[in-house]
Amino acid sequence: MEFPKRHERENISGRKGQKRKLEVDLDDERPIAFSGAGEDQETLLCEVSAQVNVLNTTFSWTEADRAASKRATHVLAELAKNEEVVNVIVDGGAVPSLVKHLQPPPLSEGDCSSKPFEHEVEKGSAFALGLLAVKPEHQQLIVDNGALPHLVDLLKRHREGSSSRAVNSVIRRAADAITNLAHENSSIKTRVRLEGGIPPLVELLGFIDPKVQRAAAGALRTLAFKNDENKNQIVECNALPTLILMLRSEDAAIHYEAVGVIGNLVHSSPNIKKEVLIAGALQPVIGLLSSCCSESQREAALLLGQFAAADSDCKVHIVQRGAVQPLIVMLQSADVQLKEMSAFALGRLAQDTHNQAGIAHNGGLMPLLKLLDSKNGSLQHNAAFALYGLADNEDNVSDFIKVGGVQKLQDGEFIVQATKDCVAKTLKRLEEKIHGRVLSHLLYLMRVAEKAIQRRIALALAHLCSPDDQGTIFIDNNGLEILLGLLSSTSIKQQLDGAIALYKLSNKAMTLSSVDAAPPSPTPQVYLGEQFVNNPTLSDVTFLVEGKRFYAHRICLLASSDAFRAMFDGGYREKDARDIEIPNIRWEVFELMMRFIYTGSVDVTLDIAQDLLRAADQYLLEALKRLCEYTIAQDISSDNVSNMYELSDAFHALSLRHTCILYILEQFDKLSARPGYSHLIQRIIPEIREYFTRTLTRPYPRDSRL
């Protein structure tokens, strides 16, 4: 069976590391007030043009120019925080001017004076460009204007020997801008590597400022996603040891970004996955399952699911190191994505035999079953896949059935076809295990457990057990009475469950029912043949039907039924009569009955079947009755099943009666809502008991018919 599809790490909502809305540092200038979308378009464009003009005319180290440039980058950044204004800024020509100010202006010859607002202008430009890159359509424009080499240079500012908040901020803004430029853009991810951006980002993972660490990790996370060359270079730059240290950070923002980078490195890269495990990532990742940060928990669960696909040993190690309990706790979170990722991880772990019983024993079964009610298709599928794994272990089958897992699987409304297929395979897997010690345990529970558990077991076994075990389960161990008790319940749901289970039980017990095929013709006895039907030749008795004569032959009638033998051999007046009046049968019916006696076969049509049944019952013609019952059974519907049952009762039509019973069980959901049917259902319970007792105690039920 296929593993559930992995979610793309960049597409789960709430990601901090991608397409980030860059926050303003506490040490930034006070925000400038703009009315944003309410601004007149022309006014906004004028403002943008003014700031662009400032940037274009102040590229020098004079204090006035630097102050003006700093303010201009700040104004553009404030405007860019409103996505509706981003296009106006780009259309106003801001990108080339901002890119220009990512680098320091040239020093005048012999000018060794101080550098006013050093790093501040570059930081503001990087910040503004990062915000503009939030819109994918502007990413390439920014890169084409030469931003990447300057941003990579900014990542190295700390190497110049100065360390200050300004340096830290410009490095962070450069890393954030790279993150946004490369977001879901494979060509720009590659360009960053070619421009030499990965080594300085890896170096910054060990930077003293935690904000810089986070920004560097966020950029690496984006660059690693679905780009094998970038992944390899990140690993070659020895990022793993530092990333694993970051996993143990008490700063949730740091370990969140670190686990995100590792997740993207590992995705679809088996060799890197092995290196990550060898480097010691497993235990810190398991530790993140208990993080106060739900996003870190989610990433850790997803990463463990990826680790678990590596090999069976890794699955076992994850469980041995304590991952199961926190994953089960996460299943009960209010966070849908957290539940989804924990179900995903447990599903992977549950594909190992040694883990299956442990997950169920630690309480994983019920939370997973509850997730089947989710309206989230992916969450539902991950839960179903985990349950499929748990069902593979015999030690889990009784618990699965005890808590109502079979009914949950049968009644669930599943969103995607893959989940439906998975559930069907889970039920089949459970069915294959209902034998030996599993069945013995279930029968024990069906005798001694509380009533609710007894009912669940009886319902499940009706669907899952082998036909060879039906007598043992439902006759010898009282399972039939439990199901019949459900039909008498005041709960409509329990009644319906009982009816469905009984109908399923009948289908398993009988491969052929009265509505499947007409009964075979009786063994030939004395048939005079078609030519003697109503033929006076050699006739020795005449019947008067509706004033008309019907010529017959005693020898044929005597061989056909006990009723005619009694008529002609007993002490009845018809014994010696030449003419016998038949007062209560129509000519067409009588003629058809006699044709059956003379030939052993007849075509019974629906319009005459009920009258012919009455006649066949009166004259004890059992084979003809069966033919009539078969024809009548083809016409049973929700509208007439009650009348058909009464008909079967009146004329001792056992086959028709059983067909009515099975129809009522099959269509219980529709019939139970109709007036009067509740009384009928209660009335036929003894008949249901008799039918199943007879069917399930036959030595060869598969070869018998109703």
# chains A, B, ... in the order shown; residues from 1 in each chain; ligands from 1
$ residues_around --residues "Val403 in chain A" --least-positions-apart "5" --cutoff "8 Å" --atoms "only C-alpha atoms" --output "MDAnalysis selection string"
chainID A and resid 366 453 456
$ residues_around --residues "His354 in chain A" --least-positions-apart "6" --cutoff "12 Å" --atoms "only C-alpha atoms" --output "list in words"
Ser312, Asp313, Cys314, Lys315, Val316, His317, Ile318, Val319, Gln320, Ala360, His361, Gly389, Leu390, Asp392, Asn393, Glu394, Asp395 and Asn396 of chain A
$ select_by_dssp --residues "range 109-317 of chain A" --states "alpha helix (DSSP H)" --output "PyMOL selection string"
chain A and resi 120-132+139-144+147-154+165-182+186-194+198-204+210-224+228-236+239-247+252-266+270-278+282-288+294-308+312-317
$ residues_around --residues "Asn584 in chain A" --least-positions-apart "2" --cutoff "10 Å" --atoms "only C-alpha atoms" --output "PyMOL selection string"
chain A and resi 545-546+581-582+586-587+590+615
$ residues_around --residues "Pro106 in chain A" --least-positions-apart "5" --cutoff "12 Å" --atoms "only C-alpha atoms" --output "ChimeraX atom specification"
/A:58-62,100-101,111-112,115
$ write_last_selection --atoms "all heavy atoms" --output "short mmCIF file (atom, residue, chain, number, x, y, z; two decimals), in the first residue's frame"
data_model
loop_
_atom_site.label_atom_id
_atom_site.label_comp_id
_atom_site.auth_asym_id
_atom_site.auth_seq_id
_atom_site.Cartn_x
_atom_site.Cartn_y
_atom_site.Cartn_z
N THR A 58 21.28 60.85 -3.87
CA THR A 58 21.95 60.94 -2.56
C THR A 58 22.91 59.78 -2.33
O THR A 58 23.14 59.36 -1.19
CB THR A 58 20.90 60.96 -1.42
OG1 THR A 58 20.11 59.76 -1.51
CG2 THR A 58 20.03 62.18 -1.49
N PHE A 59 23.49 59.25 -3.36
CA PHE A 59 24.38 58.11 -3.22
C PHE A 59 25.80 58.59 -2.89
O PHE A 59 26.71 58.57 -3.71
CB PHE A 59 24.37 57.28 -4.50
CG PHE A 59 25.03 55.93 -4.35
CD1 PHE A 59 24.60 55.03 -3.39
CD2 PHE A 59 26.07 55.55 -5.20
CE1 PHE A 59 25.20 53.79 -3.25
CE2 PHE A 59 26.68 54.30 -5.07
CZ PHE A 59 26.24 53.42 -4.09
N SER A 60 25.97 59.07 -1.66
CA SER A 60 27.29 59.56 -1.21
C SER A 60 27.37 59.40 0.29
O SER A 60 26.38 59.07 0.95
CB SER A 60 27.46 61.03 -1.59
OG SER A 60 26.75 61.86 -0.70
N TRP A 61 28.58 59.65 0.86
CA TRP A 61 28.79 59.47 2.29
C TRP A 61 28.53 60.75 3.09
O TRP A 61 28.74 60.76 4.30
CB TRP A 61 30.22 59.00 2.56
CG TRP A 61 30.39 57.51 2.40
CD1 TRP A 61 31.09 56.87 1.44
CD2 TRP A 61 29.84 56.50 3.25
NE1 TRP A 61 31.02 55.51 1.61
CE2 TRP A 61 30.25 55.25 2.73
CE3 TRP A 61 29.03 56.53 4.38
CZ2 TRP A 61 29.89 54.04 3.31
CZ3 TRP A 61 28.67 55.32 4.96
CH2 TRP A 61 29.09 54.08 4.42
N THR A 62 28.05 61.78 2.46
CA THR A 62 27.76 62.99 3.25
C THR A 62 26.63 62.67 4.21
O THR A 62 25.72 61.89 3.91
CB THR A 62 27.36 64.16 2.36
OG1 THR A 62 26.10 63.89 1.74
CG2 THR A 62 28.41 64.43 1.29
N LYS A 100 20.61 49.72 -5.82
CA LYS A 100 21.84 50.52 -5.79
C LYS A 100 22.30 50.79 -4.37
O LYS A 100 23.50 50.76 -4.05
CB LYS A 100 21.59 51.84 -6.53
CG LYS A 100 22.81 52.75 -6.62
CD LYS A 100 22.46 54.01 -7.40
CE LYS A 100 23.66 54.94 -7.53
NZ LYS A 100 23.32 56.17 -8.29
N HIS A 101 21.31 51.00 -3.47
CA HIS A 101 21.66 51.34 -2.09
C HIS A 101 21.88 50.12 -1.21
O HIS A 101 22.03 50.25 0.00
CB HIS A 101 20.58 52.25 -1.49
CG HIS A 101 20.71 53.68 -1.94
ND1 HIS A 101 21.45 54.61 -1.25
CD2 HIS A 101 20.22 54.32 -3.04
CE1 HIS A 101 21.40 55.77 -1.88
NE2 HIS A 101 20.65 55.62 -2.98
N ASP A 111 39.37 60.33 1.58
CA ASP A 111 38.37 60.57 2.63
C ASP A 111 38.39 59.42 3.62
O ASP A 111 38.04 58.29 3.31
CB ASP A 111 36.98 60.68 1.99
CG ASP A 111 35.93 61.11 3.01
OD1 ASP A 111 36.29 61.27 4.20
OD2 ASP A 111 34.77 61.27 2.61
N CYS A 112 38.85 59.67 4.81
CA CYS A 112 38.92 58.64 5.86
C CYS A 112 38.02 58.99 7.03
O CYS A 112 38.20 58.49 8.15
CB CYS A 112 40.36 58.49 6.36
SG CYS A 112 41.50 57.96 5.06
N LYS A 115 31.73 57.18 8.73
CA LYS A 115 30.68 56.85 7.76
C LYS A 115 29.32 56.97 8.46
O LYS A 115 28.93 56.09 9.22
CB LYS A 115 30.87 55.43 7.23
CG LYS A 115 32.20 55.24 6.52
CD LYS A 115 32.40 53.79 6.12
CE LYS A 115 33.75 53.59 5.43
NZ LYS A 115 33.98 52.17 5.10
#
$ closest_residue --among "A:Leu327, A:Ile244, A:Leu484, A:Leu223" --to "Ile500 in chain A" --atoms "only C-alpha atoms"
A:Leu484
$ residues_around --residues "range 336-344 of chain A" --least-positions-apart "2" --cutoff "10 Å" --atoms "only C-alpha atoms" --output "PyMOL selection string"
chain A and resi 3-7+12-13+289+294-306+324+326-334+346-350+364+367-368+371+374+376-387
$ residues_around --residues "Arg447 in chain A" --least-positions-apart "5" --cutoff "9 Å" --atoms "only C-alpha atoms" --output "list in words"
Leu442, Gln454, Asn477 and Asn478 of chain A
$ closest_residue --among "A:Ala633, A:Val259, A:Leu76, A:Ala166" --to "Val90 in chain A" --atoms "only C-alpha atoms"
A:Leu76
$ closest_residue --among "A:Asn355, A:Asp469, A:Tyr388, A:Val448" --to "Ala424 in chain A" --atoms "only C-alpha atoms"
A:Tyr388
$ closest_residue --among "A:Arg689, A:Arg159, A:Arg191, A:His183" --to "Pro136 in chain A" --atoms "only C-alpha atoms"
A:His183
$ residues_around --residues "range 129-131 of chain A" --least-positions-apart "3" --cutoff "6 Å" --atoms "only C-alpha atoms" --output "list in words"
Ala80, Ala126, Val134, Ala177 and Asn180 of chain A
$ write_last_selection --atoms "N, CA, C and O atoms" --output "PDB file, in the first residue's frame"
ATOM      1  N   ALA A  80       5.452  49.578   1.370  1.00  0.00           N
ATOM      2  CA  ALA A  80       5.463  48.215   0.837  1.00  0.00           C
ATOM      3  C   ALA A  80       4.819  47.208   1.776  1.00  0.00           C
ATOM      4  O   ALA A  80       4.492  46.089   1.359  1.00  0.00           O
ATOM      5  N   ALA A 126      17.356  46.595   1.860  1.00  0.00           N
ATOM      6  CA  ALA A 126      17.090  45.151   1.891  1.00  0.00           C
ATOM      7  C   ALA A 126      15.691  44.866   2.426  1.00  0.00           C
ATOM      8  O   ALA A 126      14.967  43.987   1.922  1.00  0.00           O
ATOM      9  N   VAL A 134       7.529  39.861  -1.828  1.00  0.00           N
ATOM     10  CA  VAL A 134       6.390  39.064  -1.374  1.00  0.00           C
ATOM     11  C   VAL A 134       5.502  38.695  -2.556  1.00  0.00           C
ATOM     12  O   VAL A 134       4.903  37.631  -2.599  1.00  0.00           O
ATOM     13  N   ALA A 177      15.442  38.989   2.830  1.00  0.00           N
ATOM     14  CA  ALA A 177      15.183  39.340   1.427  1.00  0.00           C
ATOM     15  C   ALA A 177      15.478  38.152   0.516  1.00  0.00           C
ATOM     16  O   ALA A 177      14.721  37.874  -0.431  1.00  0.00           O
ATOM     17  N   ASN A 180      12.574  35.694   0.661  1.00  0.00           N
ATOM     18  CA  ASN A 180      11.399  36.068  -0.131  1.00  0.00           C
ATOM     19  C   ASN A 180      11.660  35.994  -1.625  1.00  0.00           C
ATOM     20  O   ASN A 180      10.784  35.621  -2.407  1.00  0.00           O
TER      21      ASN A 180
END
$ closest_residue --among "A:Phe400, A:Phe692, A:Phe127, A:Tyr444" --to "Ala460 in chain A" --atoms "only C-alpha atoms"
A:Phe400
$ select_by_dssp --residues "range 565-706 of chain A" --states "strand (DSSP E)" --output "PDB file with N, CA, C and O atoms, in the first residue's frame"
ATOM      1  N   ASP A 579     -67.984 -36.821 -11.942  1.00  0.00           N
ATOM      2  CA  ASP A 579     -67.795 -35.381 -12.091  1.00  0.00           C
ATOM      3  C   ASP A 579     -67.562 -34.770 -10.706  1.00  0.00           C
ATOM      4  O   ASP A 579     -68.346 -35.007  -9.785  1.00  0.00           O
ATOM      5  N   ILE A 580     -66.490 -33.976 -10.608  1.00  0.00           N
ATOM      6  CA  ILE A 580     -66.152 -33.333  -9.322  1.00  0.00           C
ATOM      7  C   ILE A 580     -66.145 -31.822  -9.531  1.00  0.00           C
ATOM      8  O   ILE A 580     -65.429 -31.299 -10.391  1.00  0.00           O
ATOM      9  N   GLU A 581     -66.948 -31.130  -8.744  1.00  0.00           N
ATOM     10  CA  GLU A 581     -67.050 -29.668  -8.893  1.00  0.00           C
ATOM     11  C   GLU A 581     -65.934 -28.987  -8.082  1.00  0.00           C
ATOM     12  O   GLU A 581     -65.696 -29.324  -6.921  1.00  0.00           O
ATOM     13  N   ILE A 582     -65.307 -28.028  -8.735  1.00  0.00           N
ATOM     14  CA  ILE A 582     -64.263 -27.221  -8.076  1.00  0.00           C
ATOM     15  C   ILE A 582     -64.817 -25.806  -7.935  1.00  0.00           C
ATOM     16  O   ILE A 582     -64.831 -25.033  -8.899  1.00  0.00           O
TER      17      ILE A 582
END
$ decode --residues "range 411-445 of chain A" --atoms "N, CA and C atoms" --output "PDB file, in the first residue's frame"
ATOM      1  N   ASP A 411     -19.249   2.893   8.839  1.00  0.00           N
ATOM      2  CA  ASP A 411     -20.208   4.005   8.799  1.00  0.00           C
ATOM      3  C   ASP A 411     -19.592   5.314   8.327  1.00  0.00           C
ATOM      4  N   GLY A 412     -18.261   5.370   8.231  1.00  0.00           N
ATOM      5  CA  GLY A 412     -17.597   6.639   7.948  1.00  0.00           C
ATOM      6  C   GLY A 412     -17.929   7.201   6.573  1.00  0.00           C
ATOM      7  N   GLU A 413     -17.930   8.524   6.502  1.00  0.00           N
ATOM      8  CA  GLU A 413     -18.116   9.218   5.221  1.00  0.00           C
ATOM      9  C   GLU A 413     -16.742   9.739   4.799  1.00  0.00           C
ATOM     10  N   PHE A 414     -16.128   9.040   3.876  1.00  0.00           N
ATOM     11  CA  PHE A 414     -14.745   9.324   3.514  1.00  0.00           C
ATOM     12  C   PHE A 414     -14.685  10.175   2.254  1.00  0.00           C
ATOM     13  N   ILE A 415     -13.796  11.154   2.274  1.00  0.00           N
ATOM     14  CA  ILE A 415     -13.804  12.232   1.285  1.00  0.00           C
ATOM     15  C   ILE A 415     -13.129  11.819  -0.013  1.00  0.00           C
ATOM     16  N   VAL A 416     -11.975  11.166   0.083  1.00  0.00           N
ATOM     17  CA  VAL A 416     -11.224  10.845  -1.136  1.00  0.00           C
ATOM     18  C   VAL A 416     -11.225   9.336  -1.359  1.00  0.00           C
ATOM     19  N   GLN A 417     -11.081   8.938  -2.611  1.00  0.00           N
ATOM     20  CA  GLN A 417     -11.135   7.516  -2.957  1.00  0.00           C
ATOM     21  C   GLN A 417     -10.001   6.743  -2.306  1.00  0.00           C
ATOM     22  N   ALA A 418      -8.840   7.363  -2.180  1.00  0.00           N
ATOM     23  CA  ALA A 418      -7.707   6.671  -1.562  1.00  0.00           C
ATOM     24  C   ALA A 418      -8.031   6.259  -0.126  1.00  0.00           C
ATOM     25  N   THR A 419      -8.766   7.099   0.594  1.00  0.00           N
ATOM     26  CA  THR A 419      -9.158   6.758   1.967  1.00  0.00           C
ATOM     27  C   THR A 419     -10.163   5.616   1.960  1.00  0.00           C
ATOM     28  N   LYS A 420     -11.107   5.653   1.038  1.00  0.00           N
ATOM     29  CA  LYS A 420     -12.084   4.557   0.932  1.00  0.00           C
ATOM     30  C   LYS A 420     -11.380   3.237   0.660  1.00  0.00           C
ATOM     31  N   ASP A 421     -10.407   3.261  -0.225  1.00  0.00           N
ATOM     32  CA  ASP A 421      -9.651   2.041  -0.538  1.00  0.00           C
ATOM     33  C   ASP A 421      -8.874   1.559   0.681  1.00  0.00           C
ATOM     34  N   CYS A 422      -8.293   2.500   1.410  1.00  0.00           N
ATOM     35  CA  CYS A 422      -7.520   2.150   2.606  1.00  0.00           C
ATOM     36  C   CYS A 422      -8.416   1.508   3.662  1.00  0.00           C
ATOM     37  N   VAL A 423      -9.598   2.070   3.860  1.00  0.00           N
ATOM     38  CA  VAL A 423     -10.548   1.519   4.837  1.00  0.00           C
ATOM     39  C   VAL A 423     -10.984   0.118   4.430  1.00  0.00           C
ATOM     40  N   ALA A 424     -11.256  -0.073   3.139  1.00  0.00           N
ATOM     41  CA  ALA A 424     -11.661  -1.399   2.657  1.00  0.00           C
ATOM     42  C   ALA A 424     -10.557  -2.424   2.929  1.00  0.00           C
ATOM     43  N   LYS A 425      -9.310  -2.031   2.734  1.00  0.00           N
ATOM     44  CA  LYS A 425      -8.193  -2.939   2.982  1.00  0.00           C
ATOM     45  C   LYS A 425      -8.022  -3.214   4.476  1.00  0.00           C
ATOM     46  N   THR A 426      -8.330  -2.224   5.294  1.00  0.00           N
ATOM     47  CA  THR A 426      -8.255  -2.430   6.745  1.00  0.00           C
ATOM     48  C   THR A 426      -9.293  -3.444   7.198  1.00  0.00           C
ATOM     49  N   LEU A 427     -10.518  -3.321   6.699  1.00  0.00           N
ATOM     50  CA  LEU A 427     -11.568  -4.283   7.044  1.00  0.00           C
ATOM     51  C   LEU A 427     -11.195  -5.683   6.560  1.00  0.00           C
ATOM     52  N   LYS A 428     -10.617  -5.763   5.369  1.00  0.00           N
ATOM     53  CA  LYS A 428     -10.187  -7.067   4.858  1.00  0.00           C
ATOM     54  C   LYS A 428      -9.079  -7.641   5.727  1.00  0.00           C
ATOM     55  N   ARG A 429      -8.175  -6.793   6.169  1.00  0.00           N
ATOM     56  CA  ARG A 429      -7.070  -7.236   7.032  1.00  0.00           C
ATOM     57  C   ARG A 429      -7.611  -7.767   8.354  1.00  0.00           C
ATOM     58  N   LEU A 430      -8.598  -7.082   8.927  1.00  0.00           N
ATOM     59  CA  LEU A 430      -9.217  -7.554  10.167  1.00  0.00           C
ATOM     60  C   LEU A 430      -9.931  -8.881   9.942  1.00  0.00           C
ATOM     61  N   GLU A 431     -10.631  -8.976   8.821  1.00  0.00           N
ATOM     62  CA  GLU A 431     -11.368 -10.200   8.509  1.00  0.00           C
ATOM     63  C   GLU A 431     -10.426 -11.412   8.461  1.00  0.00           C
ATOM     64  N   GLU A 432      -9.264 -11.223   7.906  1.00  0.00           N
ATOM     65  CA  GLU A 432      -8.306 -12.325   7.775  1.00  0.00           C
ATOM     66  C   GLU A 432      -7.770 -12.800   9.120  1.00  0.00           C
ATOM     67  N   LYS A 433      -7.969 -12.010  10.167  1.00  0.00           N
ATOM     68  CA  LYS A 433      -7.412 -12.361  11.474  1.00  0.00           C
ATOM     69  C   LYS A 433      -8.459 -12.928  12.439  1.00  0.00           C
ATOM     70  N   ILE A 434      -9.699 -13.079  11.973  1.00  0.00           N
ATOM     71  CA  ILE A 434     -10.752 -13.599  12.860  1.00  0.00           C
ATOM     72  C   ILE A 434     -10.695 -15.119  12.851  1.00  0.00           C
ATOM     73  N   HIS A 435      -9.748 -15.657  13.580  1.00  0.00           N
ATOM     74  CA  HIS A 435      -9.616 -17.108  13.733  1.00  0.00           C
ATOM     75  C   HIS A 435      -8.667 -17.353  14.905  1.00  0.00           C
ATOM     76  N   GLY A 436      -8.540 -18.614  15.291  1.00  0.00           N
ATOM     77  CA  GLY A 436      -7.590 -18.983  16.339  1.00  0.00           C
ATOM     78  C   GLY A 436      -7.764 -18.210  17.625  1.00  0.00           C
ATOM     79  N   ARG A 437      -6.654 -17.730  18.173  1.00  0.00           N
ATOM     80  CA  ARG A 437      -6.705 -17.073  19.486  1.00  0.00           C
ATOM     81  C   ARG A 437      -7.470 -15.754  19.445  1.00  0.00           C
ATOM     82  N   VAL A 438      -7.466 -15.078  18.295  1.00  0.00           N
ATOM     83  CA  VAL A 438      -8.240 -13.833  18.192  1.00  0.00           C
ATOM     84  C   VAL A 438      -9.718 -14.123  18.347  1.00  0.00           C
ATOM     85  N   LEU A 439     -10.210 -15.115  17.619  1.00  0.00           N
ATOM     86  CA  LEU A 439     -11.625 -15.471  17.719  1.00  0.00           C
ATOM     87  C   LEU A 439     -11.964 -15.980  19.111  1.00  0.00           C
ATOM     88  N   SER A 440     -11.093 -16.774  19.692  1.00  0.00           N
ATOM     89  CA  SER A 440     -11.349 -17.282  21.056  1.00  0.00           C
ATOM     90  C   SER A 440     -11.489 -16.136  22.048  1.00  0.00           C
ATOM     91  N   HIS A 441     -10.620 -15.143  21.933  1.00  0.00           N
ATOM     92  CA  HIS A 441     -10.700 -13.996  22.838  1.00  0.00           C
ATOM     93  C   HIS A 441     -11.995 -13.214  22.637  1.00  0.00           C
ATOM     94  N   LEU A 442     -12.382 -13.033  21.385  1.00  0.00           N
ATOM     95  CA  LEU A 442     -13.618 -12.298  21.097  1.00  0.00           C
ATOM     96  C   LEU A 442     -14.841 -13.047  21.624  1.00  0.00           C
ATOM     97  N   LEU A 443     -14.853 -14.370  21.484  1.00  0.00           N
ATOM     98  CA  LEU A 443     -15.984 -15.159  22.004  1.00  0.00           C
ATOM     99  C   LEU A 443     -16.038 -15.079  23.527  1.00  0.00           C
ATOM    100  N   TYR A 444     -14.874 -15.076  24.142  1.00  0.00           N
ATOM    101  CA  TYR A 444     -14.833 -14.918  25.604  1.00  0.00           C
ATOM    102  C   TYR A 444     -15.433 -13.571  26.015  1.00  0.00           C
ATOM    103  N   LEU A 445     -15.021 -12.519  25.323  1.00  0.00           N
ATOM    104  CA  LEU A 445     -15.544 -11.189  25.632  1.00  0.00           C
ATOM    105  C   LEU A 445     -17.049 -11.109  25.347  1.00  0.00           C
TER     106      LEU A 445
END
